[in-house]
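Here's entry-v9.cif, which has mmCIF, C-alpha atoms:
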```
data_model
#
loop_
_atom_site.group_PDB
_atom_site.id
_atom_site.type_symbol
_atom_site.label_atom_id
_atom_site.label_comp_id
_atom_site.auth_asym_id
_atom_site.auth_seq_id
_atom_site.Cartn_x
_atom_site.Cartn_y
_atom_site.Cartn_z
ATOM 1 C CA MET A 1 93.725 119.062 162.286
ATOM 2 C CA ARG A 2 90.052 119.384 161.424
ATOM 3 C CA PRO A 3 89.815 122.112 158.744
ATOM 4 C CA LEU A 4 87.268 124.846 159.420
ATOM 5 C CA VAL A 5 88.664 127.416 156.973
ATOM 6 C CA ASP A 6 89.500 127.324 153.282
ATOM 7 C CA ALA A 7 90.267 130.871 152.187
ATOM 8 C CA HIS A 8 91.443 130.270 148.601
ATOM 9 C CA THR A 9 89.013 128.810 146.049
ATOM 10 C CA HIS A 10 87.669 129.655 142.594
ATOM 11 C CA THR A 11 84.346 129.286 140.759
ATOM 12 C CA ILE A 12 83.366 129.264 137.101
ATOM 13 C CA ALA A 13 83.724 133.054 137.169
ATOM 14 C CA SER A 14 87.522 132.614 137.062
ATOM 15 C CA GLY A 15 87.190 131.099 133.590
ATOM 16 C CA HIS A 16 89.115 127.861 134.160
ATOM 17 C CA ALA A 17 87.239 126.482 137.183
ATOM 18 C CA PHE A 18 84.187 124.264 137.159
ATOM 19 C CA SER A 19 81.739 124.899 140.034
ATOM 20 C CA THR A 20 79.331 127.661 141.055
ATOM 21 C CA ILE A 21 79.289 129.636 144.300
ATOM 22 C CA GLN A 22 76.401 127.511 145.574
ATOM 23 C CA GLU A 23 78.206 124.269 144.726
ATOM 24 C CA MET A 24 81.352 125.429 146.499
ATOM 25 C CA ALA A 25 79.346 126.511 149.561
ATOM 26 C CA ARG A 26 77.499 123.174 149.711
ATOM 27 C CA ALA A 27 80.803 121.319 149.542
ATOM 28 C CA ALA A 28 82.186 123.490 152.337
ATOM 29 C CA ALA A 29 79.114 122.777 154.474
ATOM 30 C CA ALA A 30 79.396 119.038 153.832
ATOM 31 C CA LYS A 31 82.997 119.130 155.064
ATOM 32 C CA GLY A 32 82.079 121.086 158.190
ATOM 33 C CA LEU A 33 83.786 124.348 157.260
ATOM 34 C CA ARG A 34 82.809 127.568 159.012
ATOM 35 C CA LEU A 35 84.549 129.951 156.597
ATOM 36 C CA LEU A 36 84.971 129.726 152.823
ATOM 37 C CA GLY A 37 86.917 132.249 150.806
ATOM 38 C CA ILE A 38 85.971 132.510 147.143
ATOM 39 C CA THR A 39 88.743 134.459 145.463
ATOM 40 C CA GLU A 40 88.297 134.805 141.727
ATOM 41 C CA HIS A 41 91.286 135.585 139.592
ATOM 42 C CA ALA A 42 91.799 139.298 139.038
ATOM 43 C CA PRO A 43 91.706 140.738 135.493
ATOM 44 C CA SER A 44 95.264 140.030 134.304
ATOM 45 C CA ILE A 45 94.652 136.271 134.131
ATOM 46 C CA PRO A 46 93.327 135.261 130.681
ATOM 47 C CA GLY A 47 89.633 134.367 130.629
ATOM 48 C CA THR A 48 88.711 135.565 134.107
ATOM 49 C CA CYS A 49 85.824 137.817 135.062
ATOM 50 C CA ASN A 50 85.481 141.504 134.293
ATOM 51 C CA PRO A 51 85.843 143.925 137.240
ATOM 52 C CA ILE A 52 82.075 144.493 137.085
ATOM 53 C CA TYR A 53 81.727 140.990 138.553
ATOM 54 C CA PHE A 54 83.440 142.107 141.754
ATOM 55 C CA ARG A 55 81.385 145.311 141.892
ATOM 56 C CA ASN A 56 78.215 143.223 142.072
ATOM 57 C CA LEU A 57 79.318 140.836 144.832
ATOM 58 C CA HIS A 58 77.103 142.749 147.265
ATOM 59 C CA VAL A 59 74.087 140.822 145.928
ATOM 60 C CA VAL A 60 75.483 137.460 147.099
ATOM 61 C CA PRO A 61 74.481 136.302 150.617
ATOM 62 C CA ARG A 62 77.469 135.981 152.922
ATOM 63 C CA LEU A 63 75.923 133.011 154.710
ATOM 64 C CA MET A 64 75.046 129.880 152.718
ATOM 65 C CA TYR A 65 74.215 126.448 154.116
ATOM 66 C CA GLY A 66 75.630 127.540 157.473
ATOM 67 C CA VAL A 67 78.993 128.610 156.002
ATOM 68 C CA ARG A 68 80.224 132.197 156.153
ATOM 69 C CA LEU A 69 81.468 133.328 152.742
ATOM 70 C CA LEU A 70 84.295 135.777 152.169
ATOM 71 C CA LEU A 71 84.076 136.934 148.558
ATOM 72 C CA GLY A 72 87.080 138.552 146.979
ATOM 73 C CA ALA A 73 89.932 138.149 144.546
ATOM 74 C CA GLU A 74 93.308 136.594 144.015
ATOM 75 C CA LEU A 75 95.129 139.650 142.748
ATOM 76 C CA ASN A 76 98.154 139.429 140.512
ATOM 77 C CA ILE A 77 101.509 140.805 141.590
ATOM 78 C CA LEU A 78 102.746 142.306 138.362
ATOM 79 C CA ASP A 79 106.341 143.391 138.932
ATOM 80 C CA THR A 80 109.224 143.865 141.342
ATOM 81 C CA ARG A 81 107.641 147.089 142.670
ATOM 82 C CA GLY A 82 104.708 145.114 144.023
ATOM 83 C CA SER A 83 102.118 146.554 141.631
ATOM 84 C CA LEU A 84 98.705 144.856 141.675
ATOM 85 C CA ASP A 85 96.065 144.615 138.953
ATOM 86 C CA LEU A 86 93.192 146.116 140.953
ATOM 87 C CA ASP A 87 93.657 149.431 142.713
ATOM 88 C CA ASP A 88 93.421 150.011 146.449
ATOM 89 C CA ASP A 89 90.101 151.834 146.385
ATOM 90 C CA PHE A 90 88.474 149.079 144.344
ATOM 91 C CA CYS A 91 89.813 146.399 146.689
ATOM 92 C CA ARG A 92 88.660 148.262 149.772
ATOM 93 C CA ARG A 93 85.141 148.859 148.451
ATOM 94 C CA PHE A 94 84.258 145.575 146.811
ATOM 95 C CA LEU A 95 86.373 142.695 148.168
ATOM 96 C CA ASP A 96 85.868 140.973 151.522
ATOM 97 C CA ILE A 97 89.146 139.099 151.218
ATOM 98 C CA ARG A 98 92.253 139.970 149.234
ATOM 99 C CA ILE A 99 94.843 137.381 148.253
ATOM 100 C CA ALA A 100 97.831 138.302 146.100
ATOM 101 C CA GLY A 101 100.127 135.999 144.191
ATOM 102 C CA ILE A 102 102.644 135.731 141.392
ATOM 103 C CA HIS A 103 101.381 134.063 138.206
ATOM 104 C CA TYR A 104 103.586 133.498 135.183
ATOM 105 C CA GLN A 105 100.940 134.865 132.789
ATOM 106 C CA CYS A 106 101.394 138.433 134.045
ATOM 107 C CA TRP A 107 104.599 138.576 136.090
ATOM 108 C CA LYS A 108 107.606 140.700 135.068
ATOM 109 C CA GLY A 109 110.354 139.651 137.444
ATOM 110 C CA GLY A 110 113.979 140.496 138.067
ATOM 111 C CA SER A 111 116.727 139.197 140.277
ATOM 112 C CA ARG A 112 116.002 137.108 143.368
ATOM 113 C CA GLU A 113 116.562 140.188 145.528
ATOM 114 C CA GLU A 114 114.306 142.386 143.361
ATOM 115 C CA ASN A 115 111.541 139.769 143.339
ATOM 116 C CA THR A 116 111.775 139.483 147.115
ATOM 117 C CA GLN A 117 111.474 143.226 147.615
ATOM 118 C CA GLY A 118 108.430 143.323 145.334
ATOM 119 C CA LEU A 119 106.717 140.583 147.309
ATOM 120 C CA ILE A 120 107.566 142.255 150.606
ATOM 121 C CA ALA A 121 105.964 145.468 149.320
ATOM 122 C CA VAL A 122 102.745 143.509 148.757
ATOM 123 C CA ILE A 123 103.005 141.812 152.150
ATOM 124 C CA ARG A 124 103.191 145.249 153.771
ATOM 125 C CA ASN A 125 100.135 146.502 151.871
ATOM 126 C CA PRO A 126 97.488 146.658 154.631
ATOM 127 C CA LEU A 127 94.767 145.591 152.178
ATOM 128 C CA ILE A 128 96.348 142.187 151.522
ATOM 129 C CA HIS A 129 95.430 139.302 153.809
ATOM 130 C CA ILE A 130 97.195 136.299 152.237
ATOM 131 C CA ILE A 131 100.084 135.676 149.826
ATOM 132 C CA SER A 132 99.110 132.774 147.590
ATOM 133 C CA HIS A 133 101.589 129.992 146.709
ATOM 134 C CA PRO A 134 104.816 131.929 147.413
ATOM 135 C CA GLY A 135 106.703 128.656 147.191
ATOM 136 C CA ASP A 136 105.479 127.419 143.822
ATOM 137 C CA GLY A 137 108.683 128.414 142.021
ATOM 138 C CA THR A 138 107.246 130.953 139.576
ATOM 139 C CA ALA A 139 109.660 133.562 140.924
ATOM 140 C CA GLU A 140 113.023 133.100 142.596
ATOM 141 C CA LEU A 141 112.705 134.436 146.151
ATOM 142 C CA LEU A 142 114.587 134.782 149.420
ATOM 143 C CA PHE A 143 112.210 133.255 151.919
ATOM 144 C CA GLU A 144 113.566 134.369 155.290
ATOM 145 C CA PRO A 145 112.956 138.109 154.755
ATOM 146 C CA ILE A 146 109.533 137.227 153.346
ATOM 147 C CA VAL A 147 108.611 135.219 156.449
ATOM 148 C CA LEU A 148 109.833 137.992 158.750
ATOM 149 C CA ALA A 149 107.883 140.638 156.815
ATOM 150 C CA ALA A 150 104.743 138.485 156.835
ATOM 151 C CA LYS A 151 104.931 138.005 160.596
ATOM 152 C CA GLU A 152 105.409 141.729 161.171
ATOM 153 C CA ALA A 153 102.548 142.708 158.838
ATOM 154 C CA HIS A 154 100.103 139.977 159.945
ATOM 155 C CA THR A 155 99.903 138.779 156.356
ATOM 156 C CA LEU A 156 99.516 135.025 156.057
ATOM 157 C CA LEU A 157 101.783 133.023 153.770
ATOM 158 C CA GLU A 158 99.992 130.144 152.081
ATOM 159 C CA ILE A 159 101.123 126.550 151.722
ATOM 160 C CA ASN A 160 99.241 125.818 148.515
ATOM 161 C CA ALA A 161 98.106 122.209 148.216
ATOM 162 C CA SER A 162 97.372 122.477 144.503
ATOM 163 C CA SER A 163 100.880 123.573 143.563
ATOM 164 C CA LEU A 164 102.267 120.590 145.500
ATOM 165 C CA ASP A 165 100.287 118.117 143.395
ATOM 166 C CA PRO A 166 102.895 116.208 141.336
ATOM 167 C CA PHE A 167 100.602 116.472 138.308
ATOM 168 C CA ARG A 168 101.301 120.217 138.220
ATOM 169 C CA GLY A 169 104.985 119.624 137.570
ATOM 170 C CA LYS A 170 106.174 122.484 139.791
ATOM 171 C CA GLU A 171 109.656 121.156 140.473
ATOM 172 C CA GLN A 172 110.614 123.709 143.139
ATOM 173 C CA ALA A 173 107.336 123.592 145.069
ATOM 174 C CA LEU A 174 108.273 120.827 147.494
ATOM 175 C CA SER A 175 111.654 122.186 148.565
ATOM 176 C CA ASN A 176 110.429 125.787 148.656
ATOM 177 C CA ASN A 177 107.403 124.999 150.804
ATOM 178 C CA LEU A 178 109.500 122.925 153.193
ATOM 179 C CA GLU A 179 111.837 125.903 153.561
ATOM 180 C CA ILE A 180 108.890 128.236 154.215
ATOM 181 C CA LEU A 181 107.534 125.872 156.863
ATOM 182 C CA ARG A 182 110.884 125.583 158.614
ATOM 183 C CA LEU A 183 111.326 129.356 158.624
ATOM 184 C CA CYS A 184 107.786 129.973 159.888
ATOM 185 C CA LYS A 185 108.407 127.422 162.629
ATOM 186 C CA ARG A 186 111.711 129.075 163.599
ATOM 187 C CA HIS A 187 110.244 132.579 163.655
ATOM 188 C CA ARG A 188 106.837 131.584 165.065
ATOM 189 C CA ALA A 189 104.985 133.000 162.054
ATOM 190 C CA PRO A 190 101.397 131.770 161.531
ATOM 191 C CA LEU A 191 100.454 130.477 158.096
ATOM 192 C CA ILE A 192 97.490 129.058 156.203
ATOM 193 C CA LEU A 193 96.942 126.026 154.025
ATOM 194 C CA GLY A 194 95.103 126.761 150.786
ATOM 195 C CA SER A 195 93.294 124.259 148.614
ATOM 196 C CA ASP A 196 93.212 126.588 145.586
ATOM 197 C CA ALA A 197 90.176 124.485 144.650
ATOM 198 C CA HIS A 198 88.892 124.965 141.108
ATOM 199 C CA ILE A 199 86.057 122.457 141.575
ATOM 200 C CA SER A 200 83.816 121.763 144.556
ATOM 201 C CA PHE A 201 85.309 118.318 145.229
ATOM 202 C CA ARG A 202 88.647 119.938 146.114
ATOM 203 C CA VAL A 203 87.345 122.358 148.768
ATOM 204 C CA ALA A 204 89.521 122.004 151.899
ATOM 205 C CA ASP A 205 91.558 119.263 150.218
ATOM 206 C CA TYR A 206 94.993 119.617 151.785
ATOM 207 C CA THR A 207 96.194 116.146 150.840
ATOM 208 C CA HIS A 208 99.463 117.333 149.328
ATOM 209 C CA ALA A 209 100.207 119.874 152.072
ATOM 210 C CA LEU A 210 99.628 117.909 155.267
ATOM 211 C CA PRO A 211 102.650 115.575 154.848
ATOM 212 C CA LEU A 212 104.917 118.650 154.838
ATOM 213 C CA LEU A 213 103.534 119.753 158.205
ATOM 214 C CA ARG A 214 104.371 116.331 159.601
ATOM 215 C CA GLU A 215 107.824 116.250 158.021
ATOM 216 C CA THR A 216 108.779 119.602 159.553
ATOM 217 C CA GLY A 217 107.055 118.990 162.896
ATOM 218 C CA PHE A 218 105.159 122.200 162.270
ATOM 219 C CA PRO A 219 103.353 123.462 165.400
ATOM 220 C CA ASP A 220 99.566 123.085 165.270
ATOM 221 C CA GLU A 221 99.083 126.450 166.952
ATOM 222 C CA LEU A 222 100.667 128.262 163.982
ATOM 223 C CA VAL A 223 98.211 126.823 161.420
ATOM 224 C CA VAL A 224 95.026 128.923 161.238
ATOM 225 C CA ASN A 225 92.818 126.553 159.205
ATOM 226 C CA ASP A 226 91.202 125.065 162.298
ATOM 227 C CA LYS A 227 91.002 128.430 164.086
ATOM 228 C CA PRO A 228 88.530 130.655 162.226
ATOM 229 C CA ASP A 229 88.460 133.318 164.942
ATOM 230 C CA LEU A 230 92.252 133.571 164.886
ATOM 231 C CA PHE A 231 92.228 133.727 161.093
ATOM 232 C CA LEU A 232 89.779 136.631 161.131
ATOM 233 C CA SER A 233 91.486 138.570 163.902
ATOM 234 C CA TYR A 234 95.044 138.010 162.656
ATOM 235 C CA THR A 235 94.249 139.221 159.141
ATOM 236 C CA GLY A 236 91.996 142.058 160.276
ATOM 237 C CA ILE A 237 88.891 140.662 158.564
ATOM 238 C CA GLU A 238 87.224 140.204 161.950
ATOM 239 C CA GLY A 239 85.367 143.518 162.026
ATOM 240 C CA MET A 240 83.573 143.008 158.707
ATOM 241 C CA GLY A 241 79.826 142.571 158.552
ATOM 242 C CA ASP A 242 78.328 139.331 157.252
#
```
Translate this file's structure into structure tokens.
Amino acid sequence: MRPLVDAHTHTIASGHAFSTIQEMARAAAAKGLRLLGITEHAPSIPGTCNPIYFRNLHVVPRLMYGVRLLLGAELNILDTRGSLDLDDDFCRRFLDIRIAGIHYQCWKGGSREENTQGLIAVIRNPLIHIISHPGDGTAELLFEPIVLAAKEAHTLLEINASSLDPFRGKEQALSNNLEILRLCKRHRAPLILGSDAHISFRVADYTHALPLLRETGFPDELVVNDKPDLFLSYTGIEGMGD
């Protein structure tokens, strides 16, 4: 697979990342990407940008160095009801791309079944395009209903390369992501690899995710990273202006 899409990255605006928008875009161009998503952490993560940052994204060109930029946020799923930390109107008006994920800093979970229902509520939110790192182990989840809901809603589940890095110490990430891949393969549900890059050198770095695709014999046609047109149409981003 030759990656053409990396939809999940962060810049210095997220508070704990180390490159600028221009540096990330140059790195994407150097790697031959056509689409780069820059998805800063939403307000519940300590140290991230104020909402006024997202309000001003209109000043940033959506084409840099030949790469189309999708500028948005990685929203935080806050509870088992599927509450998010930016409201729907804000997301619709100011964010090109909307990722949502569970982060321990701001997550109030419950039972495995309650957590699953909360995530499914987010999956079914028509504003959400991608669920970030569902397999990282932060919340106990039932993955088959999540995969089925994601397929029905055209919401992409992410295999997050960063959370699979052994340095992160996420003990459940490997087994959980293998289960997600096997379920997506069984149910023919498309998915996306995410670098979750916090520095330009890691843009489109899927080193820790690619071996799992090989181990599960995951079908190439269900991975959208080398199919930018499919990524845009499947998520509904296709009709947006540059």
Mind checking which residues fall within 6 Å of Thr39 in chain A, counting only C-alpha atoms, ignoring those fewer than 4 positions away in the same chain, and posting them as a list in words?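 My list of contacting residues is His8, Thr9, His10, Gly72, Ala73 and Glu74 of chain A.
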Please, what distance in Å, to one decimal, runs between CA of Val67 in chain A and CA of Leu35 in chain A?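 It comes out at 5.7 Å.
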Evaluate the PyMOL selection byres ((chain A and resi 90) around 12) and record the selected residues as a VMD selection string, following the chain and residue labels used in the document. chain A and resid 42 51 to 52 54 to 55 72 to 73 75 84 to 89 91 to 96 98 127
Axis-aligned box over every listed atom of range 200-217 of chain A, padded by 5 Å per side: centre and edges in Å to one decimal, as lines of an AutoDock Vina configuration file?
```
center_x = 96.3
center_y = 119.0
center_z = 153.7
size_x = 35.0
size_y = 16.8
size_z = 28.3
```
Show me, as CSV, the residues of range 215-238 of chain A having an atom within 9 Å of range 146-156 of chain A, each with the closest atom pair and its distance in Å, using all atoms listed in the file.
```
residue,atom,partner,partner_atom,distance
A:Phe231,CA,A:Leu156,CA,9.0
A:Tyr234,CA,A:His154,CA,6.1
A:Thr235,CA,A:His154,CA,6.0
A:Gly236,CA,A:His154,CA,8.4
```
Okay, now the selection with C-alpha atoms, as a compact mmCIF listing (two decimals), in the frame of the given file?
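Result file is out_32.txt:
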```txt
# COMPACT_ATOMS: atom_id res chain seq x y z
CA PHE A 231 92.23 133.73 161.09
CA TYR A 234 95.04 138.01 162.66
CA THR A 235 94.25 139.22 159.14
CA GLY A 236 92.00 142.06 160.28
```
Could you name the residues that touch Gln22 in chain A at 10 Å or less, counting all atoms listed in the file, but leaving out those on the same chain fewer than 3 positions away, as a list in words?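 Counting all atoms listed in the file, the residues come to Thr11, Ser19, Ala25, Arg26, Ala27, Ala28, Met64, Tyr65 and Ser200 of chain A.
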Just-selected residues, C-alpha atoms written as an mmCIF file, keeping the file's coordinate frame:
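Result file follows (part-v7.cif):
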```
data_model
loop_
_atom_site.group_PDB
_atom_site.id
_atom_site.type_symbol
_atom_site.label_atom_id
_atom_site.label_comp_id
_atom_site.auth_asym_id
_atom_site.auth_seq_id
_atom_site.Cartn_x
_atom_site.Cartn_y
_atom_site.Cartn_z
ATOM 1 C CA THR A 11 84.346 129.286 140.759
ATOM 2 C CA SER A 19 81.739 124.899 140.034
ATOM 3 C CA ALA A 25 79.346 126.511 149.561
ATOM 4 C CA ARG A 26 77.499 123.174 149.711
ATOM 5 C CA ALA A 27 80.803 121.319 149.542
ATOM 6 C CA ALA A 28 82.186 123.490 152.337
ATOM 7 C CA MET A 64 75.046 129.880 152.718
ATOM 8 C CA TYR A 65 74.215 126.448 154.116
ATOM 9 C CA SER A 200 83.816 121.763 144.556
#
```
Going by the chain IDs and residue numbers used in this file, which residues fall under the PyMOL selection byres ((chain A and resi 15) around 8)? Write them as number ranges by chain. A: 11-14, 16-17, 46-49
All heavy atoms are what I want for range 215-226 of chain A; can you complete it accordingly and write them as a short mmCIF file (atom, residue, chain, number, x, y, z; two decimals), keeping the file's coordinate frame?
```
data_model
loop_
_atom_site.label_atom_id
_atom_site.label_comp_id
_atom_site.auth_asym_id
_atom_site.auth_seq_id
_atom_site.Cartn_x
_atom_site.Cartn_y
_atom_site.Cartn_z
N GLU A 215 106.39 116.38 158.25
CA GLU A 215 107.82 116.25 158.02
C GLU A 215 108.62 117.30 158.78
O GLU A 215 109.73 117.02 159.27
CB GLU A 215 108.13 116.35 156.52
CG GLU A 215 109.61 116.21 156.19
CD GLU A 215 109.88 116.14 154.70
OE1 GLU A 215 108.93 115.84 153.93
OE2 GLU A 215 111.04 116.37 154.30
N THR A 216 108.07 118.50 158.87
CA THR A 216 108.78 119.60 159.55
C THR A 216 108.42 119.71 161.03
O THR A 216 108.98 120.57 161.73
CB THR A 216 108.46 120.94 158.86
OG1 THR A 216 107.03 121.14 158.83
CG2 THR A 216 109.02 120.96 157.44
N GLY A 217 107.51 118.86 161.51
CA GLY A 217 107.06 118.99 162.90
C GLY A 217 106.45 120.35 163.15
O GLY A 217 106.65 120.96 164.21
N PHE A 218 105.66 120.83 162.18
CA PHE A 218 105.16 122.20 162.27
C PHE A 218 104.13 122.31 163.39
O PHE A 218 103.22 121.49 163.50
CB PHE A 218 104.54 122.63 160.93
CG PHE A 218 104.38 124.12 160.83
CD1 PHE A 218 105.46 124.91 160.51
CD2 PHE A 218 103.16 124.72 161.08
CE1 PHE A 218 105.35 126.29 160.42
CE2 PHE A 218 103.03 126.10 161.00
CZ PHE A 218 104.13 126.88 160.67
N PRO A 219 104.25 123.34 164.24
CA PRO A 219 103.35 123.46 165.40
C PRO A 219 101.90 123.70 165.00
O PRO A 219 101.61 124.59 164.18
CB PRO A 219 103.91 124.67 166.15
CG PRO A 219 105.30 124.86 165.64
CD PRO A 219 105.29 124.40 164.22
N ASP A 220 100.99 122.94 165.57
CA ASP A 220 99.57 123.08 165.27
C ASP A 220 99.08 124.50 165.53
O ASP A 220 98.22 125.01 164.80
CB ASP A 220 98.74 122.10 166.11
CG ASP A 220 98.95 120.65 165.71
OD1 ASP A 220 99.46 120.42 164.59
OD2 ASP A 220 98.62 119.77 166.51
N GLU A 221 99.60 125.13 166.56
CA GLU A 221 99.08 126.45 166.95
C GLU A 221 99.41 127.54 165.94
O GLU A 221 98.82 128.62 165.97
CB GLU A 221 99.60 126.85 168.33
CG GLU A 221 101.10 127.05 168.44
CD GLU A 221 101.86 125.80 168.86
OE1 GLU A 221 101.30 124.68 168.69
OE2 GLU A 221 103.01 125.93 169.32
N LEU A 222 100.32 127.27 165.00
CA LEU A 222 100.67 128.26 163.98
C LEU A 222 99.90 128.07 162.67
O LEU A 222 100.09 128.84 161.74
CB LEU A 222 102.17 128.23 163.71
CG LEU A 222 103.09 128.64 164.87
CD1 LEU A 222 104.54 128.54 164.45
CD2 LEU A 222 102.75 130.07 165.33
N VAL A 223 99.04 127.06 162.61
CA VAL A 223 98.21 126.82 161.42
C VAL A 223 96.80 127.34 161.72
O VAL A 223 96.18 126.91 162.68
CB VAL A 223 98.15 125.33 161.06
CG1 VAL A 223 97.31 125.11 159.80
CG2 VAL A 223 99.56 124.77 160.87
N VAL A 224 96.29 128.26 160.90
CA VAL A 224 95.03 128.92 161.24
C VAL A 224 93.80 128.22 160.68
O VAL A 224 92.67 128.63 160.96
CB VAL A 224 95.02 130.39 160.77
CG1 VAL A 224 96.20 131.16 161.37
CG2 VAL A 224 95.03 130.51 159.25
N ASN A 225 93.97 127.16 159.89
CA ASN A 225 92.82 126.55 159.21
C ASN A 225 91.78 125.95 160.14
O ASN A 225 90.62 125.81 159.75
CB ASN A 225 93.29 125.48 158.23
CG ASN A 225 94.11 126.04 157.10
OD1 ASN A 225 95.29 126.30 157.28
ND2 ASN A 225 93.50 126.25 155.94
N ASP A 226 92.17 125.59 161.34
CA ASP A 226 91.20 125.06 162.30
C ASP A 226 90.87 126.08 163.38
O ASP A 226 90.28 125.73 164.41
CB ASP A 226 91.71 123.77 162.94
CG ASP A 226 93.05 123.95 163.66
OD1 ASP A 226 93.71 124.99 163.45
OD2 ASP A 226 93.42 123.06 164.44
#
```
